[in-house]
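What follows is the content of target.cif, which has mmCIF, C-alpha atoms:
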```cif
data_target
loop_
_atom_site.label_atom_id
_atom_site.label_comp_id
_atom_site.auth_asym_id
_atom_site.auth_seq_id
_atom_site.Cartn_x
_atom_site.Cartn_y
_atom_site.Cartn_z
CA MET A 1 93.39 63.29 100.67
CA LEU A 2 95.01 61.01 98.11
CA VAL A 3 97.27 62.51 95.44
CA ARG A 4 98.37 60.78 92.24
CA ARG A 5 102.13 60.67 91.59
CA ASP A 6 101.94 63.32 88.91
CA LEU A 7 103.38 66.84 89.08
CA ALA A 8 100.22 68.13 87.43
CA GLU A 9 98.44 67.29 90.71
CA LEU A 10 100.53 69.76 92.75
CA GLY A 11 98.33 72.80 92.25
CA GLN A 12 95.06 71.10 93.03
CA ALA A 13 96.50 69.41 96.14
CA ALA A 14 97.96 72.70 97.41
CA ASP A 15 94.68 74.51 96.75
CA GLN A 16 92.84 71.90 98.79
CA VAL A 17 95.22 72.19 101.74
CA CYS A 18 94.99 75.99 101.63
CA GLN A 19 91.20 75.81 101.49
CA TRP A 20 91.17 73.68 104.64
CA LEU A 21 93.49 76.06 106.47
CA GLU A 22 92.65 79.55 105.23
CA ALA A 23 90.17 80.24 108.05
CA GLU A 24 92.56 78.82 110.66
CA VAL A 25 95.86 80.67 110.16
CA ASP A 26 97.11 84.07 109.04
CA GLU A 27 98.31 84.69 105.49
CA ASP A 28 101.98 84.44 106.39
CA SER A 29 101.55 81.06 108.07
CA LEU A 30 99.38 79.83 105.21
CA SER A 31 102.01 80.72 102.60
CA CYS A 32 104.73 79.01 104.69
CA ILE A 33 102.65 75.85 105.02
CA GLU A 34 101.80 75.90 101.31
CA LEU A 35 105.47 76.23 100.34
CA ALA A 36 106.57 73.43 102.67
CA PHE A 37 103.72 71.20 101.49
CA VAL A 38 104.45 71.73 97.78
CA GLU A 39 108.20 71.16 98.27
CA ALA A 40 107.53 67.94 100.22
CA LEU A 41 104.90 66.67 97.80
CA THR A 42 107.19 67.40 94.85
CA ASN A 43 109.91 65.31 96.52
CA SER A 44 107.43 62.49 97.08
CA ILE A 45 106.30 62.54 93.45
CA LEU A 46 109.81 62.80 91.99
CA HIS A 47 111.83 60.72 94.45
CA GLY A 48 109.30 58.46 96.17
CA PRO A 49 108.92 54.75 95.41
CA LEU A 50 108.48 54.08 91.72
CA ASP A 51 105.32 52.07 92.18
CA THR A 52 103.17 54.65 90.44
CA GLY A 53 100.04 52.65 91.21
CA THR A 54 100.21 53.82 94.81
CA SER A 55 98.87 57.26 95.58
CA ILE A 56 100.44 59.62 98.10
CA ALA A 57 98.38 60.18 101.23
CA VAL A 58 98.12 63.67 102.75
CA PHE A 59 96.78 64.29 106.26
CA VAL A 60 96.00 67.71 107.73
CA GLU A 61 95.25 68.13 111.43
CA ILE A 62 94.07 71.43 112.90
CA LEU A 63 94.83 71.65 116.62
CA ASP A 64 94.47 74.52 119.10
CA THR A 65 98.18 75.24 119.14
CA GLN A 66 99.45 73.94 115.82
CA ILE A 67 98.74 72.81 112.28
CA VAL A 68 100.05 69.39 111.33
CA VAL A 69 100.56 68.32 107.72
CA GLU A 70 101.69 64.76 107.07
CA ILE A 71 102.69 63.05 103.84
CA GLU A 72 102.86 59.28 103.43
CA ASP A 73 104.41 58.16 100.15
CA GLY A 74 105.62 54.62 100.83
CA SER A 75 109.24 55.66 101.40
CA PRO A 76 111.35 53.98 104.08
CA PRO A 77 112.32 55.99 107.19
CA MET A 78 114.88 58.72 106.48
CA PRO A 79 115.64 60.05 109.98
CA THR A 80 118.66 62.09 108.91
CA LEU A 81 117.15 63.64 105.77
CA PHE A 82 116.71 67.08 107.35
CA ASP A 83 119.81 67.04 109.56
CA ASN A 84 121.70 69.49 107.39
CA ALA A 85 118.73 71.50 106.10
CA GLY A 86 118.20 75.12 107.07
CA ALA A 87 118.99 78.73 106.23
CA HIS A 88 122.76 78.06 106.19
CA ARG A 89 122.26 75.75 103.18
CA LEU A 90 120.84 78.67 101.19
CA GLU A 91 124.04 80.69 101.44
CA PHE A 92 126.09 81.22 98.28
CA ASP A 93 128.87 83.34 96.87
CA ILE A 94 127.23 86.30 95.11
CA LYS A 95 130.42 86.72 93.03
CA ASP A 96 130.09 83.18 91.67
CA ILE A 97 126.68 83.13 90.00
CA GLU A 98 128.05 80.82 87.30
CA ASN A 99 128.15 78.01 89.87
CA LEU A 100 124.92 78.89 91.65
CA SER A 101 122.87 75.73 92.05
CA GLU A 102 119.54 75.55 90.23
CA SER A 103 118.14 72.97 92.65
CA GLY A 104 118.58 71.52 96.14
CA ARG A 105 116.72 74.19 98.13
CA GLY A 106 113.52 72.24 98.85
CA LEU A 107 114.47 70.55 102.12
CA SER A 108 115.86 73.78 103.56
CA LEU A 109 112.71 75.68 102.57
CA ILE A 110 110.62 73.04 104.36
CA ALA A 111 112.83 73.33 107.46
CA ILE A 112 112.64 77.13 107.45
CA SER A 113 108.91 77.32 106.78
CA MET A 114 107.81 74.88 109.48
CA ASP A 115 108.52 74.73 113.24
CA GLU A 116 109.00 70.96 113.42
CA VAL A 117 109.87 68.47 110.68
CA THR A 118 110.11 64.82 111.70
CA PHE A 119 109.24 61.34 110.50
CA ARG A 120 106.89 59.07 112.36
CA VAL A 121 105.89 55.48 111.81
CA ILE A 122 102.27 54.36 112.00
CA GLU A 123 101.60 50.66 111.53
CA ASP A 124 104.85 50.20 109.55
CA ARG A 125 104.08 53.15 107.30
CA VAL A 126 106.32 56.22 107.39
CA ARG A 127 104.93 59.74 107.40
CA LEU A 128 106.77 63.02 106.98
CA ARG A 129 105.28 65.19 109.74
CA MET A 130 105.46 68.98 109.35
CA VAL A 131 104.20 71.19 112.16
CA ARG A 132 103.57 74.93 112.14
CA TYR A 133 102.71 76.53 115.49
CA ARG A 134 99.70 78.81 115.52
CA ARG A 135 100.82 82.37 116.23
CA MET B 1 103.27 78.31 80.23
CA ASN B 2 101.20 81.40 79.71
CA VAL B 3 103.52 84.32 78.91
CA LEU B 4 102.65 87.75 77.58
CA GLU B 5 105.59 89.39 75.80
CA GLU B 6 106.08 93.10 75.24
CA MET B 7 109.05 95.15 74.05
CA ASN B 8 109.92 98.56 75.49
CA GLY B 9 112.88 99.68 73.39
CA GLU B 10 115.60 97.12 74.06
CA LEU B 11 113.81 95.86 77.16
CA MET B 12 111.75 92.70 76.97
CA ILE B 13 108.89 92.55 79.47
CA LEU B 14 107.50 89.09 80.17
CA LYS B 15 104.28 88.90 82.12
CA LEU B 16 103.89 85.42 83.58
CA ARG B 17 100.16 84.70 83.57
CA ASP B 18 100.23 81.44 85.56
CA GLN B 19 99.02 81.87 89.14
CA ARG B 20 101.23 79.02 90.31
CA LEU B 21 104.84 78.36 89.33
CA ASP B 22 105.96 74.97 90.62
CA ALA B 23 107.68 71.80 89.41
CA SER B 24 104.90 71.18 86.90
CA THR B 25 105.51 74.50 85.13
CA ALA B 26 109.22 75.08 85.84
CA PRO B 27 110.54 73.27 82.72
CA ALA B 28 108.33 75.39 80.44
CA LEU B 29 109.34 78.56 82.29
CA ARG B 30 113.00 77.65 81.89
CA GLU B 31 112.53 76.98 78.18
CA ALA B 32 110.61 80.22 77.65
CA LEU B 33 113.41 82.27 79.23
CA ILE B 34 116.36 80.40 77.71
CA GLU B 35 114.79 80.61 74.25
CA ARG B 36 114.51 84.38 74.46
CA ILE B 37 118.04 84.79 75.81
CA ALA B 38 119.33 82.59 72.99
CA LYS B 39 117.67 84.99 70.54
CA GLY B 40 119.81 87.78 71.93
CA HIS B 41 117.59 89.50 74.48
CA GLN B 42 119.85 90.78 77.25
CA SER B 43 117.55 92.91 79.37
CA ILE B 44 114.48 91.08 80.57
CA ILE B 45 111.88 92.20 83.09
CA ILE B 46 109.70 89.47 84.53
CA ASP B 47 106.32 90.74 85.71
CA LEU B 48 105.23 88.46 88.56
CA SER B 49 102.07 90.34 89.52
CA ASP B 50 99.81 87.42 88.59
CA VAL B 51 101.91 84.82 90.40
CA GLY B 52 100.57 83.97 93.82
CA PHE B 53 102.79 80.99 94.48
CA MET B 54 106.33 80.04 93.46
CA ASP B 55 108.47 77.13 94.67
CA SER B 56 112.15 76.20 94.47
CA SER B 57 111.70 74.45 91.11
CA ALA B 58 110.46 77.63 89.46
CA LEU B 59 113.21 79.57 91.20
CA GLY B 60 115.65 77.11 89.61
CA ALA B 61 114.26 78.02 86.17
CA LEU B 62 114.96 81.71 86.86
CA ILE B 63 118.47 80.86 88.08
CA ALA B 64 119.11 78.85 84.90
CA ALA B 65 118.13 81.93 82.90
CA VAL B 66 120.37 84.32 84.83
CA LYS B 67 123.29 81.89 84.42
CA LYS B 68 122.62 81.55 80.69
CA LEU B 69 122.55 85.33 80.37
CA GLY B 70 125.82 85.77 82.25
CA PRO B 71 127.29 89.11 83.27
CA VAL B 72 126.41 90.80 79.97
CA GLY B 73 122.72 91.18 80.70
CA THR B 74 120.12 91.70 83.40
CA ILE B 75 117.03 89.89 84.53
CA ALA B 76 114.80 92.01 86.70
CA VAL B 77 111.75 90.78 88.58
CA ALA B 78 108.89 93.11 89.36
CA ALA B 79 105.59 93.30 91.22
CA MET B 80 106.16 90.27 93.43
CA ARG B 81 103.31 89.30 95.71
CA THR B 82 104.13 88.61 99.37
CA PRO B 83 104.68 84.80 99.22
CA VAL B 84 106.95 85.16 96.17
CA ALA B 85 108.87 88.04 97.74
CA ARG B 86 109.37 85.92 100.85
CA LEU B 87 110.81 83.08 98.72
CA PHE B 88 113.26 85.50 97.09
CA SER B 89 114.21 86.87 100.49
CA VAL B 90 114.82 83.57 102.32
CA THR B 91 116.77 82.11 99.39
CA LYS B 92 118.67 85.41 99.01
CA MET B 93 117.72 85.58 95.34
CA ASP B 94 116.95 89.25 95.88
CA ARG B 95 120.75 89.62 95.68
CA VAL B 96 120.93 87.79 92.35
CA PHE B 97 118.03 89.42 90.54
CA SER B 98 117.26 93.09 90.22
CA VAL B 99 114.05 93.39 92.26
CA HIS B 100 111.52 96.19 91.74
CA PRO B 101 108.12 96.99 93.26
CA THR B 102 106.52 97.68 89.86
CA VAL B 103 107.25 97.03 86.20
CA ALA B 104 107.49 100.80 85.65
CA ASP B 105 110.21 101.00 88.30
CA ALA B 106 112.07 98.13 86.64
CA VAL B 107 111.84 99.83 83.24
CA ARG B 108 113.18 103.10 84.68
CA SER B 109 116.03 101.29 86.41
CA LEU B 110 117.10 99.18 83.43
CA ALA B 111 116.71 102.00 80.94
CA ALA B 112 118.92 104.32 83.01
#
```
Using the file provided, produce a representation of the structure as structure tokens.
Amino acid sequence: MLVRRDLAELGQAADQVCQWLEAEVDEDSLSCIELAFVEALTNSILHGPLDTGTSIAVFVEILDTQIVVEIEDGSPPMPTLFDNAGAHRLEFDIKDIENLSESGRGLSLIAISMDEVTFRVIEDRVRLRMVRYRR
Amino acid sequence: MNVLEEMNGELMILKLRDQRLDASTAPALREALIERIAKGHQSIIIDLSDVGFMDSSALGALIAAVKKLGPVGTIAVAAMRTPVARLFSVTKMDRVFSVHPTVADAVRSLAA
């Protein structure tokens, strides 16, 4: 699936991914995959290369043991992007709401929602690879 | 942003009619909430029963609203569907917002 670099495309792209997967995984897994996908696609649209003429490619693979969602947006490899992501990054001081961050949770939500998050290179093109094991 | 507004005494109840709240709708959500807080509404219940999906951008809009409101007021969220409740749980926002199973429960709690 190709997605235009436009936030208005998020809903339709997510609906398509969910439609492909709804018969394959339980509701909990589907909502985790949808959240990770939307967070990753939002990052690609907002922070990917500025060449807006290039669409973002989305690949979904349904295997016996896992679901694989990949996003290719023309970005260079970022092998350390998720190094510090995870539940610990969502901690905050409940007594200090004034300084509670309004953003910056996306990568951690991707890391928490999926079982594996890596980058892989195919013919010089980089893909964010997100894997959710089938339970 | 499709919002249905209702007053119950001093309580403002906002029913968010969008099925999806993501980065494409978060700015409008933020504006809708901030605008009402700026008008002096201090007790707001957000009915999320129609919302089947919410991401971190929309959550950021709610956080902006609770920060704008400060300690003088309350924002309650009610009738969250499972994916939205999970987002609140993993991000620990269920500690920031007053969370209720139904709008009626939220009204009872805030009116008390």
Return the neighbours of chain A among the residues of chain B, cut-off 12 Å, counting all atoms listed in the file, as a PDB file with C-alpha atoms, in the frame of the given file.
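File produced: out-v5.pdb:
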```pdb
ATOM      1  CA  ASP B  18     100.230  81.440  85.560  1.00  0.00           C
ATOM      2  CA  GLN B  19      99.020  81.870  89.140  1.00  0.00           C
ATOM      3  CA  ARG B  20     101.230  79.020  90.310  1.00  0.00           C
ATOM      4  CA  LEU B  21     104.840  78.360  89.330  1.00  0.00           C
ATOM      5  CA  ASP B  22     105.960  74.970  90.620  1.00  0.00           C
ATOM      6  CA  ALA B  23     107.680  71.800  89.410  1.00  0.00           C
ATOM      7  CA  SER B  24     104.900  71.180  86.900  1.00  0.00           C
ATOM      8  CA  THR B  25     105.510  74.500  85.130  1.00  0.00           C
ATOM      9  CA  ALA B  26     109.220  75.080  85.840  1.00  0.00           C
ATOM     10  CA  PRO B  27     110.540  73.270  82.720  1.00  0.00           C
ATOM     11  CA  ARG B  30     113.000  77.650  81.890  1.00  0.00           C
ATOM     12  CA  GLY B  52     100.570  83.970  93.820  1.00  0.00           C
ATOM     13  CA  PHE B  53     102.790  80.990  94.480  1.00  0.00           C
ATOM     14  CA  MET B  54     106.330  80.040  93.460  1.00  0.00           C
ATOM     15  CA  ASP B  55     108.470  77.130  94.670  1.00  0.00           C
ATOM     16  CA  SER B  56     112.150  76.200  94.470  1.00  0.00           C
ATOM     17  CA  SER B  57     111.700  74.450  91.110  1.00  0.00           C
ATOM     18  CA  ALA B  58     110.460  77.630  89.460  1.00  0.00           C
ATOM     19  CA  LEU B  59     113.210  79.570  91.200  1.00  0.00           C
ATOM     20  CA  GLY B  60     115.650  77.110  89.610  1.00  0.00           C
ATOM     21  CA  ALA B  61     114.260  78.020  86.170  1.00  0.00           C
ATOM     22  CA  LEU B  62     114.960  81.710  86.860  1.00  0.00           C
ATOM     23  CA  ILE B  63     118.470  80.860  88.080  1.00  0.00           C
ATOM     24  CA  ALA B  64     119.110  78.850  84.900  1.00  0.00           C
ATOM     25  CA  ALA B  65     118.130  81.930  82.900  1.00  0.00           C
ATOM     26  CA  VAL B  66     120.370  84.320  84.830  1.00  0.00           C
ATOM     27  CA  LYS B  67     123.290  81.890  84.420  1.00  0.00           C
ATOM     28  CA  LYS B  68     122.620  81.550  80.690  1.00  0.00           C
ATOM     29  CA  LEU B  69     122.550  85.330  80.370  1.00  0.00           C
ATOM     30  CA  GLY B  70     125.820  85.770  82.250  1.00  0.00           C
ATOM     31  CA  PRO B  71     127.290  89.110  83.270  1.00  0.00           C
ATOM     32  CA  ARG B  81     103.310  89.300  95.710  1.00  0.00           C
ATOM     33  CA  THR B  82     104.130  88.610  99.370  1.00  0.00           C
ATOM     34  CA  PRO B  83     104.680  84.800  99.220  1.00  0.00           C
ATOM     35  CA  VAL B  84     106.950  85.160  96.170  1.00  0.00           C
ATOM     36  CA  ALA B  85     108.870  88.040  97.740  1.00  0.00           C
ATOM     37  CA  ARG B  86     109.370  85.920 100.850  1.00  0.00           C
ATOM     38  CA  LEU B  87     110.810  83.080  98.720  1.00  0.00           C
ATOM     39  CA  PHE B  88     113.260  85.500  97.090  1.00  0.00           C
ATOM     40  CA  SER B  89     114.210  86.870 100.490  1.00  0.00           C
ATOM     41  CA  VAL B  90     114.820  83.570 102.320  1.00  0.00           C
ATOM     42  CA  THR B  91     116.770  82.110  99.390  1.00  0.00           C
ATOM     43  CA  LYS B  92     118.670  85.410  99.010  1.00  0.00           C
ATOM     44  CA  MET B  93     117.720  85.580  95.340  1.00  0.00           C
ATOM     45  CA  ASP B  94     116.950  89.250  95.880  1.00  0.00           C
ATOM     46  CA  ARG B  95     120.750  89.620  95.680  1.00  0.00           C
ATOM     47  CA  VAL B  96     120.930  87.790  92.350  1.00  0.00           C
ATOM     48  CA  PHE B  97     118.030  89.420  90.540  1.00  0.00           C
TER      49      PHE B  97
END
```
- request: Would you kindly identify which residues have an atom no farther than 6 Å from (99.1, 67.7, 106.7), using all atoms listed in the file and the file's own coordinates, and write them out as an MDAnalysis selection string?
  value: chainID A and resid 58:60 68:70
message: List the spatial neighbours of Arg5 of chain A as a list of chain:residue names - criterion: any atom at most 10 Å away, only C-alpha atoms, same-chain residues fewer than 2 positions off excluded.
response: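 Neighbouring residues, sequence-local ones excluded: A:Leu2, A:Val3, A:Leu7, A:Ala8, A:Glu9, A:Leu10, A:Leu41, A:Thr42, A:Ser44, A:Ile45, A:Leu46, A:Gly48, A:Pro49, A:Leu50, A:Asp51, A:Thr52, A:Gly53, A:Thr54, A:Ser55, A:Ile56, A:Asp73.
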- line: Separating atom CA of Met130 of chain A from atom CA of Ser49 of chain B, to the nearest tenth of an Å, is a gap of 29.3 Å
- prompt: For the atom pair atom CA of Arg125 of chain A and atom CA of Pro76 of chain A, what is the interatomic distance in Å to one decimal place?
  reply: 8.0 Å
- request: Provide the atom CA of Ala32 of chain B to atom CA of Gln16 of chain A distance in Å, to one decimal place.
  value: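 Here the two named atoms are 28.8 Å from each other.
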task: Expand the PyMOL selection byres ((chain B and resi 16) around 8) into the individual residues it matches in the shown file, reporting them as a list in words.
output: Met1, Asn2, Val3, Leu4, Leu14, Lys15, Arg17, Asp18, Ile46, Asp47, Leu48, Ser49, Asp50 and Val51 of chain B
Give me a file of those residues, with C-alpha atoms, as a PDB file, in the frame of the given file.
```pdb
ATOM      1  CA  MET B   1     103.270  78.310  80.230  1.00  0.00           C
ATOM      2  CA  ASN B   2     101.200  81.400  79.710  1.00  0.00           C
ATOM      3  CA  VAL B   3     103.520  84.320  78.910  1.00  0.00           C
ATOM      4  CA  LEU B   4     102.650  87.750  77.580  1.00  0.00           C
ATOM      5  CA  LEU B  14     107.500  89.090  80.170  1.00  0.00           C
ATOM      6  CA  LYS B  15     104.280  88.900  82.120  1.00  0.00           C
ATOM      7  CA  ARG B  17     100.160  84.700  83.570  1.00  0.00           C
ATOM      8  CA  ASP B  18     100.230  81.440  85.560  1.00  0.00           C
ATOM      9  CA  ILE B  46     109.700  89.470  84.530  1.00  0.00           C
ATOM     10  CA  ASP B  47     106.320  90.740  85.710  1.00  0.00           C
ATOM     11  CA  LEU B  48     105.230  88.460  88.560  1.00  0.00           C
ATOM     12  CA  SER B  49     102.070  90.340  89.520  1.00  0.00           C
ATOM     13  CA  ASP B  50      99.810  87.420  88.590  1.00  0.00           C
ATOM     14  CA  VAL B  51     101.910  84.820  90.400  1.00  0.00           C
TER      15      VAL B  51
END
```
field: Matched chain/residue IDs from the PyMOL selection byres ((chain B and resi 110) around 12), as a list in words
entry: Asn8, Gly9, Glu10, Leu11, Met12, Ile13, Gln42, Ser43, Ile44, Ile45, Gly73, Thr74, Ile75, Ala76, Val77, Ala78, Ser98, Val99, His100, Val103, Ala104, Asp105, Ala106, Val107, Arg108, Ser109, Ala111 and Ala112 of chain B
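Of the residues under consideration (A:Glu22, A:Asp115, A:Asp124, A:Asp15), A:Asp124 shows the shortest atom-to-atom contact distance to Ser75 of chain A when counting all atoms listed in the file.
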field: Matched chain/residue IDs from the PyMOL selection byres ((chain A and resi 135) around 10), as a PyMOL selection string
entry: chain A and resi 25-26+29+65-66+132-134
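The residue that comes closest to Val126 of chain A, out of A:Val17, A:Met114, A:Leu63, A:Ile71 and on the basis of only C-alpha atoms, is A:Ile71.
Among the candidates A:Met78, A:Ala40, A:Ala23, A:Ala14, the residue lying nearest to Ile62 of chain A is A:Ala23 (atoms considered: all atoms listed in the file).
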